[in-house]
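K.L.:
I am sharing model24.csv, which consists of CSV, N, CA and C atoms:
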chain,number,residue,atom,x,y,z
A,1,MET,N,0.8,-1.2,0.0
A,1,MET,CA,0.0,0.0,0.0
A,1,MET,C,0.9,1.2,0.0
A,2,TYR,N,0.6,2.2,-0.8
A,2,TYR,CA,1.3,3.5,-0.9
A,2,TYR,C,1.1,4.3,0.4
A,3,LYS,N,2.1,5.1,0.7
A,3,LYS,CA,2.0,6.0,1.9
A,3,LYS,C,0.8,6.9,1.8
A,4,THR,N,0.5,7.4,0.6
A,4,THR,CA,-0.7,8.2,0.5
A,4,THR,C,-2.0,7.5,0.9
A,5,GLU,N,-2.1,6.2,0.6
A,5,GLU,CA,-3.2,5.4,1.0
A,5,GLU,C,-3.2,5.2,2.5
A,6,ILE,N,-2.1,4.9,3.0
A,6,ILE,CA,-2.0,4.7,4.5
A,6,ILE,C,-2.4,6.0,5.2
A,7,ILE,N,-1.9,7.1,4.8
A,7,ILE,CA,-2.3,8.4,5.5
A,7,ILE,C,-3.8,8.7,5.3
A,8,SER,N,-4.3,8.4,4.1
A,8,SER,CA,-5.8,8.6,3.9
A,8,SER,C,-6.5,7.7,4.9
A,9,LYS,N,-6.1,6.5,5.0
A,9,LYS,CA,-6.8,5.5,5.9
A,9,LYS,C,-6.6,6.0,7.4
A,10,PHE,N,-5.5,6.6,7.7
A,10,PHE,CA,-5.2,7.1,9.1
A,10,PHE,C,-6.1,8.3,9.4
A,11,GLY,N,-6.4,9.1,8.4
A,11,GLY,CA,-7.3,10.3,8.6
A,11,GLY,C,-6.8,11.5,8.0
A,12,GLY,N,-5.7,11.5,7.2
A,12,GLY,CA,-5.2,12.6,6.6
A,12,GLY,C,-3.9,13.2,7.2
A,13,ILE,N,-3.3,14.1,6.4
A,13,ILE,CA,-2.0,14.7,6.8
A,13,ILE,C,-2.2,15.6,8.1
A,14,ASN,N,-3.4,16.2,8.2
A,14,ASN,CA,-3.6,17.1,9.4
A,14,ASN,C,-3.7,16.2,10.7
A,15,LYS,N,-4.3,15.1,10.6
A,15,LYS,CA,-4.4,14.2,11.8
A,15,LYS,C,-3.0,13.7,12.1
A,16,LEU,N,-2.2,13.4,11.1
A,16,LEU,CA,-0.8,13.0,11.4
A,16,LEU,C,0.0,14.1,12.0
A,17,LYS,N,-0.2,15.4,11.6
A,17,LYS,CA,0.5,16.5,12.2
A,17,LYS,C,0.1,16.6,13.7
A,18,ASP,N,-1.2,16.4,14.0
A,18,ASP,CA,-1.6,16.5,15.4
A,18,ASP,C,-1.0,15.4,16.2
A,19,ALA,N,-0.9,14.2,15.6
A,19,ALA,CA,-0.3,13.1,16.3
A,19,ALA,C,1.2,13.3,16.6
A,20,ILE,N,1.9,14.0,15.7
A,20,ILE,CA,3.3,14.3,15.9
A,20,ILE,C,3.5,15.2,17.1
A,21,LYS,N,2.5,16.1,17.4
A,21,LYS,CA,2.6,17.0,18.5
A,21,LYS,C,2.4,16.4,19.8
A,22,THR,N,1.6,15.3,19.9
A,22,THR,CA,1.2,14.7,21.2
A,22,THR,C,1.7,13.3,21.4
A,23,LYS,N,2.2,12.6,20.4
A,23,LYS,CA,2.6,11.2,20.6
A,23,LYS,C,4.1,11.0,20.5
A,24,SER,N,4.6,10.0,21.1
A,24,SER,CA,6.0,9.6,21.0
A,24,SER,C,6.2,8.9,19.6
A,25,LEU,N,7.5,8.9,19.1
A,25,LEU,CA,7.7,8.2,17.8
A,25,LEU,C,7.5,6.7,17.9
A,26,ASP,N,7.7,6.1,19.1
A,26,ASP,CA,7.5,4.7,19.2
A,26,ASP,C,6.1,4.3,19.6
A,27,ASP,N,5.2,5.3,19.8
A,27,ASP,CA,3.8,4.9,20.1
A,27,ASP,C,3.2,4.2,18.9
A,28,VAL,N,2.3,3.3,19.1
A,28,VAL,CA,1.7,2.5,18.1
A,28,VAL,C,0.2,2.9,17.9
A,29,TYR,N,-0.2,3.1,16.6
A,29,TYR,CA,-1.6,3.3,16.3
A,29,TYR,C,-2.2,2.0,15.8
A,30,CYS,N,-3.3,1.6,16.5
A,30,CYS,CA,-4.0,0.3,16.2
A,30,CYS,C,-5.0,0.6,15.1
A,31,TRP,N,-4.9,-0.2,14.0
A,31,TRP,CA,-5.8,0.0,12.9
A,31,TRP,C,-7.2,-0.5,13.2
A,32,GLU,N,-7.3,-1.6,14.0
A,32,GLU,CA,-8.6,-2.2,14.3
A,32,GLU,C,-9.6,-1.3,15.2
A,33,ASN,N,-9.0,-0.6,16.2
A,33,ASN,CA,-9.9,0.2,17.1
A,33,ASN,C,-9.6,1.7,17.1
A,34,GLY,N,-8.5,2.1,16.4
A,34,GLY,CA,-8.2,3.5,16.2
A,34,GLY,C,-7.6,4.1,17.5
A,35,ASN,N,-7.0,3.3,18.4
A,35,ASN,CA,-6.4,3.8,19.6
A,35,ASN,C,-4.9,3.8,19.5
A,36,TRP,N,-4.3,4.7,20.3
A,36,TRP,CA,-2.8,4.8,20.4
A,36,TRP,C,-2.4,4.0,21.6
A,37,TYR,N,-1.3,3.3,21.5
A,37,TYR,CA,-0.7,2.5,22.6
A,37,TYR,C,0.8,2.8,22.7
A,38,THR,N,1.3,2.8,24.0
A,38,THR,CA,2.7,2.9,24.2
A,38,THR,C,3.4,1.7,23.6
A,39,GLN,N,4.7,1.8,23.3
A,39,GLN,CA,5.4,0.7,22.7
A,39,GLN,C,5.5,-0.5,23.6
A,40,ARG,N,5.7,-0.2,24.9
A,40,ARG,CA,5.9,-1.3,25.9
A,40,ARG,C,4.6,-2.1,26.0
A,41,TYR,N,3.4,-1.4,26.2
A,41,TYR,CA,2.2,-2.1,26.3
A,41,TYR,C,1.9,-2.9,25.0
A,42,TRP,N,2.2,-2.3,23.8
A,42,TRP,CA,1.9,-2.9,22.6
A,42,TRP,C,2.7,-4.2,22.4
A,43,ILE,N,4.0,-4.2,22.8
A,43,ILE,CA,4.8,-5.4,22.6
A,43,ILE,C,4.4,-6.5,23.5
A,44,HIS,N,4.0,-6.2,24.8
A,44,HIS,CA,3.7,-7.2,25.7
A,44,HIS,C,2.3,-7.7,25.7
A,45,ILE,N,1.3,-6.9,25.3
A,45,ILE,CA,-0.1,-7.3,25.4
A,45,ILE,C,-0.8,-7.2,24.1
A,46,ALA,N,-0.9,-6.0,23.5
A,46,ALA,CA,-1.8,-5.7,22.4
A,46,ALA,C,-1.4,-6.3,21.1
A,47,SER,N,-0.1,-6.5,20.8
A,47,SER,CA,0.3,-7.0,19.5
A,47,SER,C,0.0,-8.4,19.2
A,48,LYS,N,-0.4,-9.1,20.2
A,48,LYS,CA,-0.8,-10.5,20.0
A,48,LYS,C,-2.1,-10.7,19.3
A,49,ASN,N,-3.0,-9.7,19.4
A,49,ASN,CA,-4.4,-9.8,18.8
A,49,ASN,C,-4.6,-8.7,17.8
A,50,LEU,N,-3.9,-7.6,17.8
A,50,LEU,CA,-4.2,-6.4,17.0
A,50,LEU,C,-3.0,-6.1,16.0
A,51,LYS,N,-3.4,-5.3,15.0
A,51,LYS,CA,-2.3,-4.9,14.0
A,51,LYS,C,-2.2,-3.3,14.2
A,52,GLY,N,-1.0,-2.9,14.1
A,52,GLY,CA,-0.8,-1.4,14.2
A,52,GLY,C,0.5,-1.0,13.6
A,53,GLU,N,0.8,0.3,13.7
A,53,GLU,CA,2.0,0.9,13.0
A,53,GLU,C,2.4,2.0,13.9
A,54,THR,N,3.8,2.1,14.1
A,54,THR,CA,4.3,3.2,15.0
A,54,THR,C,4.2,4.5,14.3
A,55,LEU,N,4.3,5.6,15.1
A,55,LEU,CA,4.2,6.9,14.5
A,55,LEU,C,5.4,7.2,13.6
A,56,LEU,N,6.5,6.6,13.9
A,56,LEU,CA,7.7,6.8,13.1
A,56,LEU,C,7.5,6.1,11.7
A,57,ASP,N,6.9,5.0,11.7
A,57,ASP,CA,6.6,4.3,10.4
A,57,ASP,C,5.6,5.1,9.6
A,58,LEU,N,4.6,5.7,10.3
A,58,LEU,CA,3.6,6.5,9.6
A,58,LEU,C,4.3,7.8,8.9
A,59,MET,N,5.3,8.3,9.6
A,59,MET,CA,5.9,9.5,9.2
A,59,MET,C,7.0,9.3,8.1
A,60,THR,N,7.6,8.1,8.1
A,60,THR,CA,8.7,7.8,7.2
A,60,THR,C,8.3,7.9,5.7
A,61,GLY,N,9.1,8.8,5.0
A,61,GLY,CA,8.8,8.9,3.6
A,61,GLY,C,7.7,9.9,3.2
A,62,ILE,N,7.1,10.6,4.2
A,62,ILE,CA,6.0,11.5,3.9
A,62,ILE,C,6.4,12.9,4.1
A,63,PRO,N,6.3,13.7,3.1
A,63,PRO,CA,6.6,15.1,3.2
A,63,PRO,C,5.5,15.9,4.0
A,64,LEU,N,5.9,16.4,5.2
A,64,LEU,CA,4.9,17.0,6.0
A,64,LEU,C,4.5,18.4,5.6
A,65,ASP,N,5.1,19.0,4.6
A,65,ASP,CA,4.7,20.3,4.1
A,65,ASP,C,3.7,20.1,3.0
A,66,ALA,N,3.2,18.9,2.7
A,66,ALA,CA,2.2,18.7,1.7
A,66,ALA,C,0.9,19.3,2.1
A,67,THR,N,0.1,19.8,1.2
A,67,THR,CA,-1.2,20.3,1.4
A,67,THR,C,-2.2,19.8,0.4
A,68,HIS,N,-3.5,20.0,0.8
A,68,HIS,CA,-4.5,19.7,-0.2
A,68,HIS,C,-4.7,20.9,-1.1
A,69,PHE,N,-4.6,20.7,-2.4
A,69,PHE,CA,-4.6,21.8,-3.3
A,69,PHE,C,-5.5,21.4,-4.5
A,70,SER,N,-6.7,21.6,-4.5
A,70,SER,CA,-7.7,21.3,-5.5
A,70,SER,C,-7.4,20.0,-6.2
A,71,GLY,N,-7.3,19.0,-5.5
A,71,GLY,CA,-7.0,17.7,-6.1
A,71,GLY,C,-6.7,16.6,-5.1
A,72,PRO,N,-6.0,15.6,-5.5
A,72,PRO,CA,-5.7,14.5,-4.5
A,72,PRO,C,-4.7,14.9,-3.5
A,73,LEU,N,-4.5,14.0,-2.5
A,73,LEU,CA,-3.6,14.3,-1.4
A,73,LEU,C,-2.2,14.4,-2.0
A,74,PHE,N,-1.4,15.3,-1.3
A,74,PHE,CA,0.0,15.5,-1.6
A,74,PHE,C,0.3,16.3,-2.9
A,75,LEU,N,-0.4,17.4,-3.0
A,75,LEU,CA,0.0,18.4,-4.0
A,75,LEU,C,0.4,19.6,-3.2
A,76,LYS,N,1.4,20.3,-3.8
A,76,LYS,CA,1.8,21.6,-3.2
A,76,LYS,C,2.1,22.6,-4.3
A,77,LYS,N,2.0,23.9,-3.8
A,77,LYS,CA,2.3,25.0,-4.8
A,77,LYS,C,3.4,25.9,-4.2
A,78,ASP,N,4.4,26.3,-5.0
A,78,ASP,CA,5.4,27.2,-4.5
A,78,ASP,C,5.0,28.6,-4.7
A,79,GLU,N,5.8,29.6,-4.3
A,79,GLU,CA,5.5,31.0,-4.3
A,79,GLU,C,5.3,31.5,-5.8
A,80,LYS,N,5.8,30.8,-6.8
A,80,LYS,CA,5.6,31.2,-8.2
A,80,LYS,C,4.4,30.7,-8.8
A,81,GLY,N,3.7,29.7,-8.1
A,81,GLY,CA,2.5,29.2,-8.7
A,81,GLY,C,2.7,27.8,-9.3
A,82,ASN,N,3.9,27.3,-9.3
A,82,ASN,CA,4.2,26.0,-9.8
A,82,ASN,C,3.6,24.9,-8.9
A,83,VAL,N,2.9,23.9,-9.5
A,83,VAL,CA,2.3,22.9,-8.7
A,83,VAL,C,3.1,21.6,-8.8
A,84,TYR,N,3.3,20.9,-7.7
A,84,TYR,CA,4.1,19.7,-7.6
A,84,TYR,C,3.3,18.6,-7.0
A,85,GLU,N,3.5,17.4,-7.4
A,85,GLU,CA,2.8,16.3,-6.8
A,85,GLU,C,3.8,15.3,-6.2
A,86,TRP,N,3.5,14.7,-5.0
A,86,TRP,CA,4.4,13.8,-4.4
A,86,TRP,C,4.1,12.4,-5.0
A,87,VAL,N,5.2,11.7,-5.5
A,87,VAL,CA,5.0,10.4,-6.1
A,87,VAL,C,5.7,9.4,-5.2
A,88,PRO,N,4.9,8.6,-4.4
A,88,PRO,CA,5.5,7.7,-3.4
A,88,PRO,C,6.5,6.7,-4.0
A,89,LYS,N,6.2,6.2,-5.3
A,89,LYS,CA,7.0,5.2,-5.9
A,89,LYS,C,8.5,5.7,-6.1
A,90,LEU,N,8.6,7.0,-6.5
A,90,LEU,CA,9.9,7.6,-6.8
A,90,LEU,C,10.4,8.4,-5.5
A,91,LYS,N,9.6,8.6,-4.5
A,91,LYS,CA,10.0,9.3,-3.3
A,91,LYS,C,10.5,10.7,-3.6
A,92,LYS,N,9.8,11.4,-4.5
A,92,LYS,CA,10.2,12.8,-4.8
A,92,LYS,C,9.0,13.6,-5.3
A,93,TRP,N,9.1,14.9,-5.4
A,93,TRP,CA,8.1,15.8,-5.9
A,93,TRP,C,8.3,15.9,-7.4
A,94,LEU,N,7.2,15.8,-8.2
A,94,LEU,CA,7.3,16.0,-9.7
A,94,LEU,C,6.5,17.2,-10.0
A,95,TYR,N,7.0,18.0,-11.0
A,95,TYR,CA,6.3,19.2,-11.4
A,95,TYR,C,5.2,18.8,-12.3
A,96,VAL,N,4.0,19.3,-12.0
A,96,VAL,CA,2.8,18.9,-12.8
A,96,VAL,C,2.2,20.1,-13.5
A,97,GLY,N,2.6,21.3,-13.3
A,97,GLY,CA,2.0,22.5,-14.0
A,97,GLY,C,2.1,23.7,-13.2
A,98,TRP,N,1.4,24.7,-13.7
A,98,TRP,CA,1.3,26.0,-13.1
A,98,TRP,C,-0.2,26.4,-12.9
A,99,HIS,N,-0.5,26.9,-11.7
A,99,HIS,CA,-1.9,27.3,-11.4
A,99,HIS,C,-2.1,28.7,-11.9
A,100,PRO,N,-3.2,28.9,-12.7
A,100,PRO,CA,-3.4,30.2,-13.3
A,100,PRO,C,-3.7,31.3,-12.3
A,101,ASN,N,-4.2,31.0,-11.1
A,101,ASN,CA,-4.6,32.0,-10.1
A,101,ASN,C,-3.4,32.4,-9.2
A,102,ALA,N,-2.2,31.9,-9.5
A,102,ALA,CA,-1.0,32.1,-8.6
A,102,ALA,C,-0.7,33.6,-8.7
A,103,SER,N,-0.4,34.1,-7.5
A,103,SER,CA,0.1,35.5,-7.4
A,103,SER,C,1.1,35.6,-6.3
A,104,ILE,N,2.1,36.5,-6.5
A,104,ILE,CA,3.1,36.6,-5.5
A,104,ILE,C,2.9,38.0,-4.8
A,105,LYS,N,2.7,37.9,-3.5
A,105,LYS,CA,2.5,39.1,-2.7
A,105,LYS,C,3.9,39.5,-2.0
A,106,PRO,N,4.4,40.7,-2.3
A,106,PRO,CA,5.7,41.1,-1.7
A,106,PRO,C,5.5,41.3,-0.2
A,107,LEU,N,6.5,41.0,0.6
A,107,LEU,CA,6.6,41.2,2.0
A,107,LEU,C,7.0,42.7,2.2
A,108,ASP,N,6.1,43.4,2.9
A,108,ASP,CA,6.4,44.8,3.2
A,108,ASP,C,6.7,45.0,4.6
Any chance you could put this one into structure tokens?
P.N.:
Amino acid sequence: MYKTEIISKFGGINKLKDAIKTKSLDDVYCWENGNWYTQRYWIHIASKNLKGETLLDLMTGIPLDATHFSGPLFLKKDEKGNVYEWVPKLKKWLYVGWHPNASIKPLD
């Protein structure tokens, strides 16, 4: 499964950013019940019956500056209006075009 699909299943990039602020990197998110567990509890008790993924695994390979921009997950626009899409298979941003409503506002 691609990382974009995993993040969509998790609840989106904003939910991941919120989890980064409150959870430890070794905390485990359980897919079955949607709860977070500490790594110690997960290893000794919960992992026998449930499936989950650590916060570090959720974050790995995902650009956290990605935004939703009139289309699918993981599109971003720079200050010149160029639009880029994250391609998980290549693990890099690819240029996909220019947004016609792009404008640059100078900092005064």
K.L.:
Would you mind writing down, as a PDB file with N, CA and C atoms, in the coordinates of the input, each residue of segment 12-94 of chain A that DSSP on the backbone assigns to helix (DSSP H, G or I)?
P.N.:
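Ended up saving to part19.pdb:
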ATOM      1  N   ILE A  13      -3.300  14.100   6.400  1.00  0.00           N
ATOM      2  CA  ILE A  13      -2.000  14.700   6.800  1.00  0.00           C
ATOM      3  C   ILE A  13      -2.200  15.600   8.100  1.00  0.00           C
ATOM      4  N   ASN A  14      -3.400  16.200   8.200  1.00  0.00           N
ATOM      5  CA  ASN A  14      -3.600  17.100   9.400  1.00  0.00           C
ATOM      6  C   ASN A  14      -3.700  16.200  10.700  1.00  0.00           C
ATOM      7  N   LYS A  15      -4.300  15.100  10.600  1.00  0.00           N
ATOM      8  CA  LYS A  15      -4.400  14.200  11.800  1.00  0.00           C
ATOM      9  C   LYS A  15      -3.000  13.700  12.100  1.00  0.00           C
ATOM     10  N   LEU A  16      -2.200  13.400  11.100  1.00  0.00           N
ATOM     11  CA  LEU A  16      -0.800  13.000  11.400  1.00  0.00           C
ATOM     12  C   LEU A  16       0.000  14.100  12.000  1.00  0.00           C
ATOM     13  N   LYS A  17      -0.200  15.400  11.600  1.00  0.00           N
ATOM     14  CA  LYS A  17       0.500  16.500  12.200  1.00  0.00           C
ATOM     15  C   LYS A  17       0.100  16.600  13.700  1.00  0.00           C
ATOM     16  N   ASP A  18      -1.200  16.400  14.000  1.00  0.00           N
ATOM     17  CA  ASP A  18      -1.600  16.500  15.400  1.00  0.00           C
ATOM     18  C   ASP A  18      -1.000  15.400  16.200  1.00  0.00           C
ATOM     19  N   ALA A  19      -0.900  14.200  15.600  1.00  0.00           N
ATOM     20  CA  ALA A  19      -0.300  13.100  16.300  1.00  0.00           C
ATOM     21  C   ALA A  19       1.200  13.300  16.600  1.00  0.00           C
ATOM     22  N   ILE A  20       1.900  14.000  15.700  1.00  0.00           N
ATOM     23  CA  ILE A  20       3.300  14.300  15.900  1.00  0.00           C
ATOM     24  C   ILE A  20       3.500  15.200  17.100  1.00  0.00           C
ATOM     25  N   LYS A  21       2.500  16.100  17.400  1.00  0.00           N
ATOM     26  CA  LYS A  21       2.600  17.000  18.500  1.00  0.00           C
ATOM     27  C   LYS A  21       2.400  16.400  19.800  1.00  0.00           C
ATOM     28  N   THR A  22       1.600  15.300  19.900  1.00  0.00           N
ATOM     29  CA  THR A  22       1.200  14.700  21.200  1.00  0.00           C
ATOM     30  C   THR A  22       1.700  13.300  21.400  1.00  0.00           C
ATOM     31  N   GLN A  39       4.700   1.800  23.300  1.00  0.00           N
ATOM     32  CA  GLN A  39       5.400   0.700  22.700  1.00  0.00           C
ATOM     33  C   GLN A  39       5.500  -0.500  23.600  1.00  0.00           C
ATOM     34  N   ARG A  40       5.700  -0.200  24.900  1.00  0.00           N
ATOM     35  CA  ARG A  40       5.900  -1.300  25.900  1.00  0.00           C
ATOM     36  C   ARG A  40       4.600  -2.100  26.000  1.00  0.00           C
ATOM     37  N   TYR A  41       3.400  -1.400  26.200  1.00  0.00           N
ATOM     38  CA  TYR A  41       2.200  -2.100  26.300  1.00  0.00           C
ATOM     39  C   TYR A  41       1.900  -2.900  25.000  1.00  0.00           C
ATOM     40  N   TRP A  42       2.200  -2.300  23.800  1.00  0.00           N
ATOM     41  CA  TRP A  42       1.900  -2.900  22.600  1.00  0.00           C
ATOM     42  C   TRP A  42       2.700  -4.200  22.400  1.00  0.00           C
ATOM     43  N   ILE A  43       4.000  -4.200  22.800  1.00  0.00           N
ATOM     44  CA  ILE A  43       4.800  -5.400  22.600  1.00  0.00           C
ATOM     45  C   ILE A  43       4.400  -6.500  23.500  1.00  0.00           C
ATOM     46  N   HIS A  44       4.000  -6.200  24.800  1.00  0.00           N
ATOM     47  CA  HIS A  44       3.700  -7.200  25.700  1.00  0.00           C
ATOM     48  C   HIS A  44       2.300  -7.700  25.700  1.00  0.00           C
ATOM     49  N   ALA A  46      -0.900  -6.000  23.500  1.00  0.00           N
ATOM     50  CA  ALA A  46      -1.800  -5.700  22.400  1.00  0.00           C
ATOM     51  C   ALA A  46      -1.400  -6.300  21.100  1.00  0.00           C
ATOM     52  N   SER A  47      -0.100  -6.500  20.800  1.00  0.00           N
ATOM     53  CA  SER A  47       0.300  -7.000  19.500  1.00  0.00           C
ATOM     54  C   SER A  47       0.000  -8.400  19.200  1.00  0.00           C
ATOM     55  N   LYS A  48      -0.400  -9.100  20.200  1.00  0.00           N
ATOM     56  CA  LYS A  48      -0.800 -10.500  20.000  1.00  0.00           C
ATOM     57  C   LYS A  48      -2.100 -10.700  19.300  1.00  0.00           C
ATOM     58  N   LEU A  55       4.300   5.600  15.100  1.00  0.00           N
ATOM     59  CA  LEU A  55       4.200   6.900  14.500  1.00  0.00           C
ATOM     60  C   LEU A  55       5.400   7.200  13.600  1.00  0.00           C
ATOM     61  N   LEU A  56       6.500   6.600  13.900  1.00  0.00           N
ATOM     62  CA  LEU A  56       7.700   6.800  13.100  1.00  0.00           C
ATOM     63  C   LEU A  56       7.500   6.100  11.700  1.00  0.00           C
ATOM     64  N   ASP A  57       6.900   5.000  11.700  1.00  0.00           N
ATOM     65  CA  ASP A  57       6.600   4.300  10.400  1.00  0.00           C
ATOM     66  C   ASP A  57       5.600   5.100   9.600  1.00  0.00           C
ATOM     67  N   LEU A  58       4.600   5.700  10.300  1.00  0.00           N
ATOM     68  CA  LEU A  58       3.600   6.500   9.600  1.00  0.00           C
ATOM     69  C   LEU A  58       4.300   7.800   8.900  1.00  0.00           C
ATOM     70  N   MET A  59       5.300   8.300   9.600  1.00  0.00           N
ATOM     71  CA  MET A  59       5.900   9.500   9.200  1.00  0.00           C
ATOM     72  C   MET A  59       7.000   9.300   8.100  1.00  0.00           C
TER      73      MET A  59
END
K.L.:
Could you give me, as an NGL selection string, the residues within 8 Å of Glu32 of chain A, counting only N, CA and C atoms and dropping anything in the same chain fewer than 3 positions from it?
P.N.:
:A and (29 or 35 or 50-52)
K.L.:
Can you measure atom CA of Ile13 of chain A to atom CA of Cys30 of chain A for me? One decimal in Å is fine.
P.N.:
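Result for atom CA of Ile13 of chain A versus atom CA of Cys30 of chain A: 17.3 Å, one decimal.
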K.L.:
Would you mind writing down, as a ChimeraX atom specification, each residue of segment 7-98 of chain A that DSSP on the backbone assigns to strand (DSSP E or B)?
P.N.:
/A:28-30,36-37,52-54,67,75-77,82-87,92-98
K.L.:
Using the selection just defined, write its residues with N, CA and C atoms as a PDB file, in the coordinates of the input.
P.N.:
ATOM      1  N   VAL A  28       2.300   3.300  19.100  1.00  0.00           N
ATOM      2  CA  VAL A  28       1.700   2.500  18.100  1.00  0.00           C
ATOM      3  C   VAL A  28       0.200   2.900  17.900  1.00  0.00           C
ATOM      4  N   TYR A  29      -0.200   3.100  16.600  1.00  0.00           N
ATOM      5  CA  TYR A  29      -1.600   3.300  16.300  1.00  0.00           C
ATOM      6  C   TYR A  29      -2.200   2.000  15.800  1.00  0.00           C
ATOM      7  N   CYS A  30      -3.300   1.600  16.500  1.00  0.00           N
ATOM      8  CA  CYS A  30      -4.000   0.300  16.200  1.00  0.00           C
ATOM      9  C   CYS A  30      -5.000   0.600  15.100  1.00  0.00           C
ATOM     10  N   TRP A  36      -4.300   4.700  20.300  1.00  0.00           N
ATOM     11  CA  TRP A  36      -2.800   4.800  20.400  1.00  0.00           C
ATOM     12  C   TRP A  36      -2.400   4.000  21.600  1.00  0.00           C
ATOM     13  N   TYR A  37      -1.300   3.300  21.500  1.00  0.00           N
ATOM     14  CA  TYR A  37      -0.700   2.500  22.600  1.00  0.00           C
ATOM     15  C   TYR A  37       0.800   2.800  22.700  1.00  0.00           C
ATOM     16  N   GLY A  52      -1.000  -2.900  14.100  1.00  0.00           N
ATOM     17  CA  GLY A  52      -0.800  -1.400  14.200  1.00  0.00           C
ATOM     18  C   GLY A  52       0.500  -1.000  13.600  1.00  0.00           C
ATOM     19  N   GLU A  53       0.800   0.300  13.700  1.00  0.00           N
ATOM     20  CA  GLU A  53       2.000   0.900  13.000  1.00  0.00           C
ATOM     21  C   GLU A  53       2.400   2.000  13.900  1.00  0.00           C
ATOM     22  N   THR A  54       3.800   2.100  14.100  1.00  0.00           N
ATOM     23  CA  THR A  54       4.300   3.200  15.000  1.00  0.00           C
ATOM     24  C   THR A  54       4.200   4.500  14.300  1.00  0.00           C
ATOM     25  N   THR A  67       0.100  19.800   1.200  1.00  0.00           N
ATOM     26  CA  THR A  67      -1.200  20.300   1.400  1.00  0.00           C
ATOM     27  C   THR A  67      -2.200  19.800   0.400  1.00  0.00           C
ATOM     28  N   LEU A  75      -0.400  17.400  -3.000  1.00  0.00           N
ATOM     29  CA  LEU A  75       0.000  18.400  -4.000  1.00  0.00           C
ATOM     30  C   LEU A  75       0.400  19.600  -3.200  1.00  0.00           C
ATOM     31  N   LYS A  76       1.400  20.300  -3.800  1.00  0.00           N
ATOM     32  CA  LYS A  76       1.800  21.600  -3.200  1.00  0.00           C
ATOM     33  C   LYS A  76       2.100  22.600  -4.300  1.00  0.00           C
ATOM     34  N   LYS A  77       2.000  23.900  -3.800  1.00  0.00           N
ATOM     35  CA  LYS A  77       2.300  25.000  -4.800  1.00  0.00           C
ATOM     36  C   LYS A  77       3.400  25.900  -4.200  1.00  0.00           C
ATOM     37  N   ASN A  82       3.900  27.300  -9.300  1.00  0.00           N
ATOM     38  CA  ASN A  82       4.200  26.000  -9.800  1.00  0.00           C
ATOM     39  C   ASN A  82       3.600  24.900  -8.900  1.00  0.00           C
ATOM     40  N   VAL A  83       2.900  23.900  -9.500  1.00  0.00           N
ATOM     41  CA  VAL A  83       2.300  22.900  -8.700  1.00  0.00           C
ATOM     42  C   VAL A  83       3.100  21.600  -8.800  1.00  0.00           C
ATOM     43  N   TYR A  84       3.300  20.900  -7.700  1.00  0.00           N
ATOM     44  CA  TYR A  84       4.100  19.700  -7.600  1.00  0.00           C
ATOM     45  C   TYR A  84       3.300  18.600  -7.000  1.00  0.00           C
ATOM     46  N   GLU A  85       3.500  17.400  -7.400  1.00  0.00           N
ATOM     47  CA  GLU A  85       2.800  16.300  -6.800  1.00  0.00           C
ATOM     48  C   GLU A  85       3.800  15.300  -6.200  1.00  0.00           C
ATOM     49  N   TRP A  86       3.500  14.700  -5.000  1.00  0.00           N
ATOM     50  CA  TRP A  86       4.400  13.800  -4.400  1.00  0.00           C
ATOM     51  C   TRP A  86       4.100  12.400  -5.000  1.00  0.00           C
ATOM     52  N   VAL A  87       5.200  11.700  -5.500  1.00  0.00           N
ATOM     53  CA  VAL A  87       5.000  10.400  -6.100  1.00  0.00           C
ATOM     54  C   VAL A  87       5.700   9.400  -5.200  1.00  0.00           C
ATOM     55  N   LYS A  92       9.800  11.400  -4.500  1.00  0.00           N
ATOM     56  CA  LYS A  92      10.200  12.800  -4.800  1.00  0.00           C
ATOM     57  C   LYS A  92       9.000  13.600  -5.300  1.00  0.00           C
ATOM     58  N   TRP A  93       9.100  14.900  -5.400  1.00  0.00           N
ATOM     59  CA  TRP A  93       8.100  15.800  -5.900  1.00  0.00           C
ATOM     60  C   TRP A  93       8.300  15.900  -7.400  1.00  0.00           C
ATOM     61  N   LEU A  94       7.200  15.800  -8.200  1.00  0.00           N
ATOM     62  CA  LEU A  94       7.300  16.000  -9.700  1.00  0.00           C
ATOM     63  C   LEU A  94       6.500  17.200 -10.000  1.00  0.00           C
ATOM     64  N   TYR A  95       7.000  18.000 -11.000  1.00  0.00           N
ATOM     65  CA  TYR A  95       6.300  19.200 -11.400  1.00  0.00           C
ATOM     66  C   TYR A  95       5.200  18.800 -12.300  1.00  0.00           C
ATOM     67  N   VAL A  96       4.000  19.300 -12.000  1.00  0.00           N
ATOM     68  CA  VAL A  96       2.800  18.900 -12.800  1.00  0.00           C
ATOM     69  C   VAL A  96       2.200  20.100 -13.500  1.00  0.00           C
ATOM     70  N   GLY A  97       2.600  21.300 -13.300  1.00  0.00           N
ATOM     71  CA  GLY A  97       2.000  22.500 -14.000  1.00  0.00           C
ATOM     72  C   GLY A  97       2.100  23.700 -13.200  1.00  0.00           C
ATOM     73  N   TRP A  98       1.400  24.700 -13.700  1.00  0.00           N
ATOM     74  CA  TRP A  98       1.300  26.000 -13.100  1.00  0.00           C
ATOM     75  C   TRP A  98      -0.200  26.400 -12.900  1.00  0.00           C
TER      76      TRP A  98
END
K.L.:
Kindly indicate which residue among A:Ile45, A:Ile7, A:Leu56, A:Val87 lies nearest to Val28 of chain A, using only N, CA and C atoms for the distances.
P.N.:
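Smallest separation from Val28 of chain A among the options: A:Leu56.
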K.L.:
Within 9 Å of Leu58 of chain A, counting only C-alpha atoms, which residues show up once you throw out same-chain ones fewer than 6 positions away? Write them as a ChimeraX atom specification, please.
P.N.:
/A:3,6-7,10,16
K.L.:
Could you jot down the atom CA of Gly81 of chain A to atom CA of Ser8 of chain A separation for me, Å, one decimal place?
P.N.:
25.5 Å
K.L.:
Can you measure atom CA of Lys48 of chain A to atom CA of Ser24 of chain A for me? One decimal in Å is fine.
P.N.:
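Going from atom CA of Lys48 of chain A over to atom CA of Ser24 of chain A covers 21.2 Å.
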K.L.:
Using all atoms listed in the file for the distances, tell me which of A:Lys80, A:Lys91, A:Leu55, A:Glu85 is nearest to Asp26 of chain A.
P.N.:
A:Leu55
